[in-house]
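> I'd like to ask some things about the structure below.
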Amino acid sequence: MSFSEWVNQPLFGIALSVVAYTGAQLIQQRWRWLHPLFICSGFIIILLLACQIPYSAYKMGGDMLTLLLGPATVALGVPLYKHAGLIKRHLAGILVSVTVGSLTGMISAAAFIGLLGGSRDILLSMMPKSVSSPIAIEISRHLGGLPELTSVLTVLTGLFGSMIGKQLLTWLGFKDSLSIGIALGTAAHGIGTAKLVKDSELQGSLSGFAMGAAGIMTSVLFIPVYWWLRG
């Protein structure tokens, strides 16, 4: 089998992803603050560009791995159930925090693009960046943004949030699990949540709840924006 035939097989995308992520895990043991997904994605992008391999060839195998995201997300319900009592006791405060955090994420993105003189397409693509990719992409599509750009910005938001979010919160004096979990789940969605699960089951469960609540709240908050754009 020639090289061109090999890269057009689904196994190529799967094998490349597994090898790249395994290597990223080893590198992350040396530099703990780096997220393996950041290293893995960067390596795959560089390899595809250097070898002139079309993304469509990698995507055939990559899409198969994407199917596993559903079960992985559902698995977050286990620690969430275990700490349901704590969430119920602080439910009102959590929902207020998630609402304010979601609104802040939208406004700060709009202000940033406005200050830089960005176009309307970029503005609408960036505003939903703090929720999980499936929700952000759908919001962007309905607003008239660029779903592909939204996907990239959403992943980058999660990556940088997972790498510096907890350290930044600790530096600002927020050291309790409740604050850290809710903040990262609201701002860094699934990638931030996955990072917290590795460090603390409690923080991960709180982050998972905040991620889900932020997805619902952000969708609701964008309803008036959608009406305004259509008006």
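Ligands are numbered from 1 in the order shown, residues from 1 within each chain, and chains are lettered A, B, ... in the order they appear in the structure tokens.
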Find the residues near range 138-150 of chain A: any atom within 12 Å, counting only C-alpha atoms, skip ones fewer than 2 places away on the same chain, and give them as a count of residues only.

40

> Report as an MDAnalysis selection string all protein, DNA and RNA residues lying within 10 Å of Lys59 in chain A, evaluated on only C-alpha atoms, omitting residues in the same chain fewer than 6 positions from it.

chainID A and resid 8:10 12:14 65:66

> Using only N, CA, C and O atoms, please write the residues we just selected to a file, as a compact mmCIF listing (two decimals), in the first residue's frame.


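Generated output (result.txt):
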# COMPACT_ATOMS: atom_id res chain seq x y z
N ASN A 8 -5.34 7.85 3.27
CA ASN A 8 -6.76 7.96 2.94
C ASN A 8 -7.59 6.83 3.57
O ASN A 8 -8.75 6.65 3.20
N GLN A 9 -6.97 6.13 4.49
CA GLN A 9 -7.67 5.11 5.25
C GLN A 9 -8.07 5.68 6.62
O GLN A 9 -7.32 6.44 7.21
N PRO A 10 -9.26 5.34 7.15
CA PRO A 10 -9.66 5.84 8.47
C PRO A 10 -8.66 5.52 9.57
O PRO A 10 -8.52 6.28 10.52
N PHE A 12 -5.57 5.78 9.51
CA PHE A 12 -4.51 6.78 9.58
C PHE A 12 -4.85 7.85 10.61
O PHE A 12 -4.03 8.19 11.47
N GLY A 13 -6.06 8.41 10.53
CA GLY A 13 -6.46 9.46 11.46
C GLY A 13 -6.50 8.95 12.90
O GLY A 13 -6.10 9.66 13.83
N ILE A 14 -6.97 7.72 13.08
CA ILE A 14 -7.04 7.15 14.43
C ILE A 14 -5.65 6.93 14.99
O ILE A 14 -5.35 7.31 16.13
N LEU A 65 -13.22 9.02 16.26
CA LEU A 65 -12.86 9.32 17.65
C LEU A 65 -13.82 10.34 18.25
O LEU A 65 -14.10 10.31 19.45
N THR A 66 -14.33 11.22 17.40
CA THR A 66 -15.27 12.23 17.88
C THR A 66 -16.54 11.60 18.44
O THR A 66 -17.18 12.14 19.36

> Tell me which of A:Ala194, A:Leu169, A:Ser17, A:Gly117 sits closest to Asp63 in chain A, counting only C-alpha atoms.

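Residue with the minimum atom-to-atom distance to Asp63 in chain A: A:Ser17.
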
> Considering only C-alpha atoms, state which residue in the set A:Gly62, A:Thr104, A:Lys82, A:Ile39 is at the smallest distance from Leu26 in chain A.

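Ranked by minimum distance to Leu26 in chain A, first place goes to A:Ile39.
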
> If I take CA of Gly77 in chain A and CA of Gly212 in chain A, how far is one from the other in Å, to one decimal?

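These atoms are spaced 10.7 Å apart.
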
> Could you pull out all residues of range 77-191 of chain A with a DSSP call of helix (DSSP H, G or I) and give them as a PyMOL selection string?

chain A and resi 77-82+84-89+91-116+120-126+133-143+147-171+177-191
